[in-house]
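As stored in model-v6.cif (mmCIF, C-alpha atoms and all ligand atoms):
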data_coords
#
loop_
_atom_site.label_atom_id
_atom_site.label_comp_id
_atom_site.auth_asym_id
_atom_site.auth_seq_id
_atom_site.Cartn_x
_atom_site.Cartn_y
_atom_site.Cartn_z
CA MET A 22 135.62 90.12 91.19
CA ASN A 23 133.65 91.45 88.21
CA ILE A 24 131.90 94.80 88.17
CA ILE A 25 128.72 94.47 86.10
CA ASN A 26 128.68 97.42 83.74
CA GLY A 27 124.99 98.29 83.56
CA LYS A 28 125.74 101.42 81.59
CA GLU A 29 127.37 99.40 78.82
CA ILE A 30 124.75 96.61 78.81
CA ALA A 31 121.98 99.23 78.63
CA ALA A 32 123.74 101.04 75.75
CA GLU A 33 124.02 97.74 73.87
CA LEU A 34 120.30 97.07 74.37
CA ARG A 35 119.41 100.61 73.25
CA MET A 36 121.36 100.02 70.01
CA GLN A 37 119.34 96.85 69.35
CA LEU A 38 116.11 98.74 70.06
CA LYS A 39 117.17 101.56 67.76
CA GLU A 40 117.52 99.07 64.91
CA LYS A 41 114.04 97.66 65.65
CA VAL A 42 112.58 101.18 65.74
CA GLU A 43 114.21 102.00 62.39
CA LYS A 44 112.79 98.85 60.81
CA LEU A 45 109.32 99.79 62.06
CA LYS A 46 109.75 103.31 60.68
CA GLU A 47 110.53 101.83 57.25
CA LYS A 48 107.02 100.33 57.42
CA ASN A 49 105.71 103.77 58.41
CA ILE A 50 105.11 102.64 61.99
CA HIS A 51 106.11 105.25 64.57
CA ILE A 52 106.48 104.58 68.28
CA GLY A 53 105.32 107.05 70.91
CA LEU A 54 105.60 107.17 74.71
CA ALA A 55 103.44 109.52 76.78
CA VAL A 56 105.16 110.65 79.98
CA ILE A 57 102.98 112.29 82.62
CA ILE A 58 104.50 114.22 85.49
CA VAL A 59 102.34 115.85 88.16
CA GLY A 60 103.83 118.61 90.33
CA ASP A 61 107.42 119.76 90.52
CA ASN A 62 109.36 117.08 92.41
CA PRO A 63 112.99 117.75 91.34
CA ALA A 64 113.97 114.05 91.37
CA SER A 65 110.95 113.19 89.20
CA ARG A 66 111.94 115.93 86.76
CA ILE A 67 115.42 114.40 86.41
CA TYR A 68 113.96 110.88 85.86
CA VAL A 69 111.50 112.18 83.25
CA ASN A 70 114.23 114.09 81.40
CA ASN A 71 116.46 110.99 81.36
CA LYS A 72 113.61 108.87 79.99
CA LYS A 73 112.84 111.42 77.27
CA LYS A 74 116.51 111.59 76.32
CA ALA A 75 116.72 107.79 76.06
CA CYS A 76 113.56 107.74 73.89
CA ALA A 77 115.08 110.29 71.52
CA GLU A 78 118.27 108.25 71.25
CA VAL A 79 116.45 105.16 69.97
CA GLY A 80 113.94 107.07 67.84
CA ILE A 81 110.86 106.79 70.08
CA GLU A 82 108.81 109.97 70.14
CA SER A 83 107.99 111.13 73.66
CA PHE A 84 104.99 113.28 74.53
CA GLU A 85 105.35 115.04 77.86
CA TYR A 86 102.34 116.05 79.92
CA ALA A 87 103.57 118.24 82.80
CA LEU A 88 100.58 118.89 85.03
CA PRO A 89 100.36 121.25 88.01
CA ALA A 90 100.47 119.78 91.54
CA GLU A 91 96.80 120.77 92.05
CA THR A 92 95.63 118.45 89.23
CA THR A 93 92.72 116.31 90.46
CA GLN A 94 92.64 112.54 90.22
CA GLU A 95 89.69 112.83 87.82
CA GLU A 96 91.60 115.19 85.51
CA LEU A 97 94.58 112.86 85.51
CA ILE A 98 92.46 109.78 84.77
CA ASN A 99 90.65 111.69 82.00
CA LEU A 100 94.00 112.41 80.37
CA ILE A 101 95.03 108.73 80.68
CA GLU A 102 91.78 107.62 79.07
CA LYS A 103 92.37 110.01 76.20
CA LEU A 104 95.90 108.61 75.74
CA ASN A 105 94.59 105.03 75.96
CA ASN A 106 92.67 105.77 72.77
CA ASP A 107 95.42 107.74 71.02
CA LYS A 108 96.97 105.67 68.22
CA LYS A 109 100.21 107.70 68.31
CA VAL A 110 100.79 106.59 71.90
CA ASN A 111 102.09 103.05 72.43
CA GLY A 112 103.09 103.42 76.06
CA ILE A 113 101.89 105.55 78.98
CA LEU A 114 104.00 106.27 82.02
CA VAL A 115 102.95 108.22 85.09
CA GLN A 116 106.05 109.31 86.99
CA LEU A 117 105.66 108.36 90.65
CA PRO A 118 105.17 109.60 93.27
CA VAL A 119 102.02 111.57 92.44
CA PRO A 120 100.82 114.24 94.94
CA LYS A 121 99.21 112.80 98.09
CA HIS A 122 95.60 113.73 97.17
CA ILE A 123 95.83 111.33 94.19
CA ASP A 124 95.46 107.55 94.62
CA ASP A 125 98.40 106.18 92.63
CA LYS A 126 96.83 102.71 92.32
CA ALA A 127 93.68 104.15 90.73
CA VAL A 128 95.82 106.11 88.30
CA ILE A 129 98.08 103.21 87.33
CA ASN A 130 95.12 100.88 86.86
CA ALA A 131 93.45 103.43 84.56
CA ILE A 132 96.26 102.87 82.05
CA SER A 133 95.34 100.37 79.34
CA VAL A 134 97.02 97.03 80.11
CA LYS A 135 98.60 97.09 76.65
CA LYS A 136 100.15 100.54 77.25
CA ASP A 137 101.26 99.97 80.87
CA VAL A 138 104.99 100.14 80.06
CA ASP A 139 105.95 100.40 83.75
CA GLY A 140 104.19 97.08 84.31
CA PHE A 141 102.76 98.25 87.66
CA SER A 142 99.05 97.67 86.99
CA HIS A 143 97.20 94.95 88.88
CA ASN A 144 96.72 93.15 85.58
CA ASN A 145 100.40 93.04 84.60
CA MET A 146 101.49 92.30 88.19
CA GLY A 147 98.93 89.47 88.33
CA LYS A 148 100.28 88.07 85.08
CA LEU A 149 103.78 88.23 86.53
CA ALA A 150 102.64 86.38 89.67
CA THR A 151 101.18 83.56 87.56
CA GLY A 152 104.15 83.31 85.19
CA ASP A 153 102.02 84.44 82.23
CA TYR A 154 104.10 87.51 81.51
CA GLY A 155 102.60 90.71 80.13
CA LEU A 156 104.66 93.88 80.43
CA LEU A 157 107.24 93.38 83.17
CA PRO A 158 108.22 96.09 85.67
CA CYS A 159 111.40 97.70 84.35
CA THR A 160 113.85 97.50 87.27
CA PRO A 161 113.21 93.78 88.03
CA ALA A 162 113.31 92.90 84.31
CA GLY A 163 116.55 94.88 83.96
CA ILE A 164 118.12 92.94 86.84
CA ILE A 165 117.32 89.56 85.25
CA TYR A 166 118.59 90.84 81.89
CA MET A 167 121.91 91.87 83.45
CA LEU A 168 122.41 88.59 85.30
CA LYS A 169 121.73 86.60 82.13
CA HIS A 170 123.92 88.91 80.06
CA GLU A 171 126.82 88.12 82.41
CA GLY A 172 126.11 84.38 82.20
CA ILE A 173 125.40 84.20 85.92
CA GLN A 174 123.59 81.03 86.88
CA ILE A 175 120.31 81.66 88.68
CA ALA A 176 118.68 78.20 88.71
CA GLY A 177 119.29 76.37 91.96
CA LYS A 178 120.93 79.37 93.61
CA HIS A 179 119.77 80.91 96.85
CA CYS A 180 118.72 84.50 96.24
CA VAL A 181 118.08 86.86 99.14
CA VAL A 182 116.05 89.91 98.17
CA ILE A 183 116.15 92.79 100.65
CA GLY A 184 113.03 94.95 100.32
CA ARG A 185 109.44 94.01 99.42
CA SER A 186 108.14 97.01 97.49
CA ASN A 187 105.65 96.57 94.66
CA ILE A 188 108.04 98.13 92.16
CA VAL A 189 111.25 96.22 92.97
CA GLY A 190 111.37 93.74 95.87
CA LYS A 191 108.20 91.73 95.21
CA PRO A 192 108.38 91.54 91.41
CA VAL A 193 112.11 90.73 91.33
CA SER A 194 111.48 87.94 93.87
CA LEU A 195 108.82 86.47 91.57
CA LEU A 196 111.10 86.69 88.54
CA MET A 197 113.97 85.02 90.39
CA LEU A 198 111.57 82.29 91.53
CA ASP A 199 110.52 81.76 87.91
CA GLU A 200 114.21 81.47 87.03
CA ASN A 201 114.33 78.58 89.51
CA ALA A 202 116.21 80.32 92.30
CA THR A 203 115.31 79.59 95.91
CA VAL A 204 114.16 82.98 97.11
CA THR A 205 114.17 84.52 100.58
CA ILE A 206 112.57 87.95 100.97
CA CYS A 207 113.79 90.16 103.81
CA HIS A 208 112.29 93.49 104.86
CA SER A 209 112.23 96.09 107.61
CA LYS A 210 110.71 93.66 110.13
CA THR A 211 113.15 90.81 109.42
CA PRO A 212 115.18 90.09 112.55
CA ASN A 213 118.87 89.36 111.93
CA LEU A 214 119.21 90.29 108.26
CA LYS A 215 122.82 89.12 108.33
CA TYR A 216 121.76 85.55 109.13
CA HIS A 217 119.91 85.45 105.81
CA THR A 218 122.35 87.37 103.62
CA LEU A 219 125.26 85.19 104.73
CA GLN A 220 123.51 82.21 103.12
CA ALA A 221 122.88 83.97 99.83
CA ASP A 222 124.50 83.11 96.51
CA ILE A 223 122.82 86.20 95.07
CA ILE A 224 121.81 89.28 97.07
CA ILE A 225 119.46 91.88 95.56
CA SER A 226 119.19 94.92 97.79
CA ALA A 227 116.33 97.36 97.16
CA VAL A 228 115.96 99.34 100.36
CA GLY A 229 117.22 102.90 100.06
CA HIS A 230 119.69 102.84 102.95
CA ALA A 231 123.37 103.64 102.35
CA LYS A 232 125.83 100.99 103.58
CA LEU A 233 123.07 98.64 104.76
CA VAL A 234 124.93 95.66 103.28
CA THR A 235 128.40 95.40 104.77
CA ALA A 236 131.26 92.97 104.06
CA ASP A 237 130.54 90.82 107.14
CA MET A 238 127.04 90.12 105.77
CA VAL A 239 128.24 88.65 102.47
CA LYS A 240 129.40 85.11 101.69
CA LYS A 241 132.64 84.89 99.68
CA GLY A 242 131.93 84.63 95.96
CA ALA A 243 128.35 85.96 96.18
CA VAL A 244 126.71 87.98 93.41
CA ILE A 245 125.52 91.41 94.55
CA VAL A 246 122.88 93.50 92.81
CA ASP A 247 122.52 96.95 94.33
CA VAL A 248 119.26 98.71 93.46
CA GLY A 249 119.43 101.40 96.14
CA MET A 250 119.87 105.05 95.26
CA ASN A 251 121.06 107.07 98.21
CA LYS A 252 123.35 109.96 99.03
CA ASP A 253 126.56 109.29 100.97
CA GLU A 254 128.04 111.56 103.63
CA ASN A 255 129.50 113.79 100.88
CA GLY A 256 126.20 114.04 99.02
CA LYS A 257 127.38 111.65 96.29
CA LEU A 258 125.03 109.05 94.76
CA CYS A 259 125.55 105.59 96.30
CA GLY A 260 123.67 102.32 96.66
CA ASP A 261 122.68 100.14 99.63
CA VAL A 262 125.94 98.22 99.57
CA ASP A 263 129.24 99.27 101.15
CA PHE A 264 130.82 98.83 97.72
CA GLU A 265 134.46 99.42 98.66
CA ASN A 266 134.53 96.67 101.30
CA VAL A 267 132.00 94.26 99.79
CA ALA A 268 133.37 94.22 96.21
CA PRO A 269 136.60 92.31 97.02
CA LYS A 270 134.56 89.47 98.57
CA CYS A 271 132.11 88.82 95.76
CA SER A 272 132.21 87.29 92.30
CA TYR A 273 130.02 89.93 90.64
CA ILE A 274 128.70 93.29 91.82
CA THR A 275 126.69 96.13 90.28
CA PRO A 276 127.99 99.64 90.97
CA VAL A 277 125.90 102.71 91.80
CA PRO A 278 125.78 104.72 89.62
CA GLY A 279 126.17 102.74 86.40
CA GLY A 280 124.51 99.47 87.43
CA VAL A 281 120.79 98.87 87.74
CA GLY A 282 119.76 102.49 87.00
CA PRO A 283 120.57 102.57 83.26
CA MET A 284 118.99 99.12 82.83
CA THR A 285 115.67 100.37 84.23
CA ILE A 286 115.39 103.00 81.49
CA ALA A 287 116.52 100.57 78.77
CA MET A 288 113.78 98.14 79.84
CA LEU A 289 111.21 100.93 79.66
CA LEU A 290 112.21 101.49 76.03
CA ASN A 291 112.11 97.72 75.49
CA ASN A 292 108.53 97.56 76.84
CA THR A 293 107.50 100.49 74.63
CA VAL A 294 108.90 98.81 71.51
CA LYS A 295 107.19 95.57 72.57
CA THR A 296 103.77 97.24 72.89
CA CYS A 297 104.17 98.69 69.40
CA GLU A 298 105.24 95.36 67.90
CA GLN A 299 102.27 93.63 69.54
CA GLU A 300 99.87 96.28 68.24
CA ASN A 301 101.15 95.82 64.69
P1 LIG B 1 110.47 101.31 99.21
O1 LIG B 1 110.75 102.40 100.19
O2 LIG B 1 109.13 101.21 98.61
O3 LIG B 1 110.80 99.93 99.89
C1 LIG B 1 111.92 99.73 100.69
C2 LIG B 1 111.88 98.34 101.27
O4 LIG B 1 113.00 98.17 102.11
C3 LIG B 1 110.65 98.06 102.12
O5 LIG B 1 110.04 96.89 101.62
C4 LIG B 1 111.19 97.84 103.53
O6 LIG B 1 110.52 96.80 104.21
C5 LIG B 1 112.63 97.48 103.29
N1 LIG B 1 113.51 97.90 104.38
C6 LIG B 1 113.59 99.12 104.96
N2 LIG B 1 114.55 99.13 105.91
C7 LIG B 1 115.08 97.88 105.94
C8 LIG B 1 116.09 97.28 106.70
N3 LIG B 1 116.75 97.94 107.65
N4 LIG B 1 116.38 95.99 106.44
C9 LIG B 1 115.73 95.29 105.51
N5 LIG B 1 114.75 95.83 104.73
C10 LIG B 1 114.43 97.11 104.95
O7 LIG B 1 111.60 101.45 98.13
P2 LIG B 1 111.71 101.03 96.57
O8 LIG B 1 110.81 101.88 95.80
O9 LIG B 1 111.63 99.55 96.43
O10 LIG B 1 113.20 101.48 96.31
C11 LIG B 1 114.29 100.95 97.05
C12 LIG B 1 115.56 101.68 96.65
O11 LIG B 1 115.81 101.41 95.29
C13 LIG B 1 115.49 103.18 96.77
O12 LIG B 1 116.78 103.66 97.11
C14 LIG B 1 115.13 103.63 95.38
O13 LIG B 1 115.59 104.95 95.10
C15 LIG B 1 115.89 102.62 94.56
N6 LIG B 1 115.34 102.37 93.23
C16 LIG B 1 116.24 102.35 92.21
C17 LIG B 1 115.80 102.08 90.94
C18 LIG B 1 116.79 102.05 89.83
O14 LIG B 1 116.40 102.03 88.67
N7 LIG B 1 118.08 102.03 90.12
C19 LIG B 1 114.44 101.82 90.70
C20 LIG B 1 113.57 101.81 91.76
C21 LIG B 1 114.03 102.07 93.04
#

As structure tokens - that is how I would like this structure written.
Amino acid sequence: MNIINGKEIAAELRMQLKEKVEKLKEKNIHIGLAVIIVGDNPASRIYVNNKKKACAEVGIESFEYALPAETTQEELINLIEKLNNDKKVNGILVQLPVPKHIDDKAVINAISVKKDVDGFSHNNMGKLATGDYGLLPCTPAGIIYMLKHEGIQIAGKHCVVIGRSNIVGKPVSLLMLDENATVTICHSKTPNLKYHTLQADIIISAVGHAKLVTADMVKKGAVIVDVGMNKDENGKLCGDVDFENVAPKCSYITPVPGGVGPMTIAMLLNNTVKTCEQEN
């Protein structure tokens, strides 16, 4: 059994991006990422800080816009439109969730397609669905990157994705399909999840439910990608997979923490560098 070290793979990718950023700087091209956070959700604050830290490490300048929870949708969209036209800003990210009175879809779709580094806009998602890739959503792109990095064969394999969210489940299913996997998507209304997972060569779990995937649900030698971020009974961060009991059965598994999480941020940096390269 191999534990896929997402932390290490992400660090390697950040080093490569740092070199690209330095080369651009030599040509007097500077990369900037605008990060917008609305309200004071503590988890969002941690995510934003981690993203800013990663930007600094590779030499991307980050501009934080911390807005009060009462910010109106119009005010937020006005800010996005200003950033769309700001040459110092190559990427724009709105940390989700936004407060309930704001329509997140309207906000995301206000971001210029070229600066949509989260890849969540209708335009970039539509491109993904038709195989004409624009900016890819970071977590799904990070998963594919990891699998390829480890030399894991995807073509011809049966991949069972658990979860159908717009940010992970659906886009990762499309990417796996484009990599020529046979894809089954399971969700909260799927009867007998185990029936499906037992047939999987690759399981990608993106649910948010600790110990949802247990050893009896996994075929021997399967590859397991755990996207979930949950708290266990001791308040420690854990994924969707019962790691201790599942790991001995599989060929490859991603841990939580240190698996998919660091890859998500690395792919955000990758998208930001890409937008800058395309602009220049
Ligand atoms: P979501 O809540 O939007 O979607 C969860 C999905 O799980 C839904 O599609 C639902 O149908 C499905 N589901 C719920 N209960 C189920 C069950 N019993 N069996 C099968 N399917 C079930 O969540 P999301 O935004 O996709 O995130 C999923 C998890 O991944 C969360 O824990 C989140 O924190 C984590 N996450 C991690 C990263 C990362 O970078 N590591 C990024 C995004 C999300």

Can I get the residues close to ligand LIG 1 (chain B) as a ChimeraX atom specification, where close means within 6 Å and we count only C-alpha atoms and all ligand atoms? /A:160,183-186,188-190,207-209,227-229,248-251,281-282,285

So, with only C-alpha atoms as the atoms that count, which of A:Gln94, A:Ser272, A:Asn291, A:Asn106 lies closest to Glu40 (chain A)?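 Once distances to Glu40 (chain A) are computed over only C-alpha atoms, the minimum belongs to A:Asn291.
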
Give me the residues near Pro269 (chain A) as a list in words, where near means some atom within 10 Å (using only C-alpha atoms) and where sequence neighbours in that chain fewer than 4 positions away do not count.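 Within the cut-off, the hits are Met22, Asn23, Ala236, Lys241, Gly242, Phe264, Glu265, Tyr273 and Ile274 of chain A.
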
Could you tell me which of A:Ala202, A:Met36, A:Val79, A:Cys259 comes closest to Ala231 (chain A) if we count all atoms listed in the file?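 Of A:Ala202, A:Met36, A:Val79, A:Cys259, the one nearest Ala231 (chain A) is A:Cys259, counting all atoms listed in the file.
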
Point-to-point distance from CA of Ile286 (chain A) to CA of Pro63 (chain A), Å rounded to tenths: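 Distance between the two atoms: 17.9 Å.
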
Pick the closest to Lys178 (chain A) from A:Val42, A:Met146, A:Ile165, A:Ile224: which is it, counting only C-alpha atoms? A:Ile224

Sel. within 10 Å of pt (123.9, 105.1, 87.5), counting all atoms listed in the file, output as a list in words: Asn26, Gly27, Lys28, Val248, Met250, Leu258, Cys259, Gly260, Thr275, Pro276, Val277, Pro278, Gly279, Gly280, Val281, Gly282, Pro283 and Met284 of chain A

Could the residues in this selection be written to a file with C-alpha atoms, as a compact mmCIF listing (two decimals), keeping the file's coordinate frame?
# COMPACT_ATOMS: atom_id res chain seq x y z
CA ASN A 26 128.68 97.42 83.74
CA GLY A 27 124.99 98.29 83.56
CA LYS A 28 125.74 101.42 81.59
CA VAL A 248 119.26 98.71 93.46
CA MET A 250 119.87 105.05 95.26
CA LEU A 258 125.03 109.05 94.76
CA CYS A 259 125.55 105.59 96.30
CA GLY A 260 123.67 102.32 96.66
CA THR A 275 126.69 96.13 90.28
CA PRO A 276 127.99 99.64 90.97
CA VAL A 277 125.90 102.71 91.80
CA PRO A 278 125.78 104.72 89.62
CA GLY A 279 126.17 102.74 86.40
CA GLY A 280 124.51 99.47 87.43
CA VAL A 281 120.79 98.87 87.74
CA GLY A 282 119.76 102.49 87.00
CA PRO A 283 120.57 102.57 83.26
CA MET A 284 118.99 99.12 82.83

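One distance worth recording is that between CA of His170 (chain A) and CA of Leu214 (chain A), which is 28.6 Å.
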
Shortest interatomic distance to Leu34 (chain A) - which of A:Gly163, A:Val246, A:Asn105, A:Asn49, counting all atoms listed in the file: A:Gly163

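You will find CA of Asp139 (chain A) at 7.4 Å from CA of Leu156 (chain A).
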
Just want the 12 Å neighbourhood of Asn111 (chain A), counted on all atoms listed in the file, with same-chain residues fewer than 6 positions away dropped. Output as an mmCIF file with C-alpha atoms, in the coordinates of the input.
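Wrote it out as result.cif, contents follow:
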data_model
loop_
_atom_site.group_PDB
_atom_site.id
_atom_site.type_symbol
_atom_site.label_atom_id
_atom_site.label_comp_id
_atom_site.auth_asym_id
_atom_site.auth_seq_id
_atom_site.Cartn_x
_atom_site.Cartn_y
_atom_site.Cartn_z
ATOM 1 C CA ILE A 50 105.110 102.640 61.990
ATOM 2 C CA HIS A 51 106.110 105.250 64.570
ATOM 3 C CA ILE A 52 106.480 104.580 68.280
ATOM 4 C CA GLY A 53 105.320 107.050 70.910
ATOM 5 C CA LEU A 54 105.600 107.170 74.710
ATOM 6 C CA ALA A 55 103.440 109.520 76.780
ATOM 7 C CA VAL A 56 105.160 110.650 79.980
ATOM 8 C CA ILE A 81 110.860 106.790 70.080
ATOM 9 C CA GLU A 82 108.810 109.970 70.140
ATOM 10 C CA SER A 83 107.990 111.130 73.660
ATOM 11 C CA PHE A 84 104.990 113.280 74.530
ATOM 12 C CA LEU A 104 95.900 108.610 75.740
ATOM 13 C CA ASN A 105 94.590 105.030 75.960
ATOM 14 C CA ILE A 132 96.260 102.870 82.050
ATOM 15 C CA SER A 133 95.340 100.370 79.340
ATOM 16 C CA VAL A 134 97.020 97.030 80.110
ATOM 17 C CA LYS A 135 98.600 97.090 76.650
ATOM 18 C CA LYS A 136 100.150 100.540 77.250
ATOM 19 C CA ASP A 137 101.260 99.970 80.870
ATOM 20 C CA VAL A 138 104.990 100.140 80.060
ATOM 21 C CA LEU A 289 111.210 100.930 79.660
ATOM 22 C CA LEU A 290 112.210 101.490 76.030
ATOM 23 C CA ASN A 291 112.110 97.720 75.490
ATOM 24 C CA ASN A 292 108.530 97.560 76.840
ATOM 25 C CA THR A 293 107.500 100.490 74.630
ATOM 26 C CA VAL A 294 108.900 98.810 71.510
ATOM 27 C CA LYS A 295 107.190 95.570 72.570
ATOM 28 C CA THR A 296 103.770 97.240 72.890
ATOM 29 C CA CYS A 297 104.170 98.690 69.400
ATOM 30 C CA GLU A 298 105.240 95.360 67.900
ATOM 31 C CA GLN A 299 102.270 93.630 69.540
ATOM 32 C CA GLU A 300 99.870 96.280 68.240
ATOM 33 C CA ASN A 301 101.150 95.820 64.690
#

In the coordinate frame of the file, compute which residues have an atom within 6 Å of (98.6, 99.8, 88.2) when using all atoms listed in the file, and state them as a list in words.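 Residues with an atom at most 6 Å from (98.6, 99.8, 88.2): Lys126, Ile129, Asn130, Phe141, Ser142 and His143 of chain A.
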
With distances taken over only C-alpha atoms, which of A:Lys240, A:Lys109, A:Arg66, A:Lys191 is nearest to Tyr216 (chain A)?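 For Tyr216 (chain A), the nearest of the candidates is A:Lys240.
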
Quick one: of A:Ala31, A:Val59, A:Ile123, A:Met238, who's nearest to Ala87 (chain A), counting all atoms listed in the file? A:Val59

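The shell of residues at most 9 Å from Pro120 (chain A), with all atoms listed in the file counted and near chain neighbours (fewer than 3 positions) removed, consists of Val59, Gly60, Ala90, Glu91, Thr92, Leu117, Ile123, Asp124 and Asp125 of chain A.
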
Write out as a count of residues only each polymer residue whose atoms come within 7 Å of Val262 (chain A), counting all atoms listed in the file; drop sequence neighbours fewer than 4 positions from it. 6

Set the distance at 8 Å and use only C-alpha atoms: which residues neighbour Ile98 (chain A) once local chain neighbours fewer than 4 positions away are removed? I'd like the list as a short mmCIF file (atom, residue, chain, number, x, y, z; two decimals) with C-alpha atoms, keeping the file's coordinate frame.
data_model
loop_
_atom_site.label_atom_id
_atom_site.label_comp_id
_atom_site.auth_asym_id
_atom_site.auth_seq_id
_atom_site.Cartn_x
_atom_site.Cartn_y
_atom_site.Cartn_z
CA GLN A 94 92.64 112.54 90.22
CA GLU A 102 91.78 107.62 79.07
CA VAL A 128 95.82 106.11 88.30
CA ALA A 131 93.45 103.43 84.56
#

Starting from the incomplete input, reconstruct N, CA and C atoms of region 273-290 of chain A and write that as a CSV table (one decimal), keeping the file's coordinate frame.
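File written: out.csv
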chain,number,residue,atom,x,y,z
A,273,TYR,N,130.6,88.9,91.5
A,273,TYR,CA,130.0,89.9,90.6
A,273,TYR,C,129.3,91.0,91.5
A,274,ILE,N,129.4,92.2,91.1
A,274,ILE,CA,128.7,93.3,91.8
A,274,ILE,C,128.3,94.4,90.9
A,275,THR,N,127.1,95.0,91.1
A,275,THR,CA,126.7,96.1,90.3
A,275,THR,C,127.1,97.4,91.0
A,276,PRO,N,127.6,98.4,90.3
A,276,PRO,CA,128.0,99.6,91.0
A,276,PRO,C,126.8,100.6,91.0
A,277,VAL,N,126.9,101.6,91.8
A,277,VAL,CA,125.9,102.7,91.8
A,277,VAL,C,126.7,104.0,91.8
A,278,PRO,N,126.6,104.9,90.8
A,278,PRO,CA,125.8,104.7,89.6
A,278,PRO,C,126.4,103.8,88.6
A,279,GLY,N,125.6,103.5,87.5
A,279,GLY,CA,126.2,102.7,86.4
A,279,GLY,C,125.8,101.3,86.5
A,280,GLY,N,124.9,100.9,87.3
A,280,GLY,CA,124.5,99.5,87.4
A,280,GLY,C,123.1,99.3,87.0
A,281,VAL,N,122.2,99.1,88.0
A,281,VAL,CA,120.8,98.9,87.7
A,281,VAL,C,120.1,100.1,87.1
A,282,GLY,N,120.4,101.3,87.5
A,282,GLY,CA,119.8,102.5,87.0
A,282,GLY,C,119.6,102.6,85.5
A,283,PRO,N,120.7,102.5,84.7
A,283,PRO,CA,120.6,102.6,83.3
A,283,PRO,C,119.7,101.4,82.7
A,284,MET,N,119.8,100.3,83.3
A,284,MET,CA,119.0,99.1,82.8
A,284,MET,C,117.5,99.4,82.9
A,285,THR,N,117.1,100.1,84.0
A,285,THR,CA,115.7,100.4,84.2
A,285,THR,C,115.1,101.2,83.0
A,286,ILE,N,115.9,102.2,82.6
A,286,ILE,CA,115.4,103.0,81.5
A,286,ILE,C,115.4,102.2,80.2
A,287,ALA,N,116.4,101.4,80.0
A,287,ALA,CA,116.5,100.6,78.8
A,287,ALA,C,115.3,99.6,78.7
A,288,MET,N,114.9,99.1,79.8
A,288,MET,CA,113.8,98.1,79.8
A,288,MET,C,112.5,98.9,79.6
A,289,LEU,N,112.4,100.1,80.0
A,289,LEU,CA,111.2,100.9,79.7
A,289,LEU,C,111.1,101.1,78.1
A,290,LEU,N,112.2,101.4,77.5
A,290,LEU,CA,112.2,101.5,76.0
A,290,LEU,C,111.8,100.1,75.4
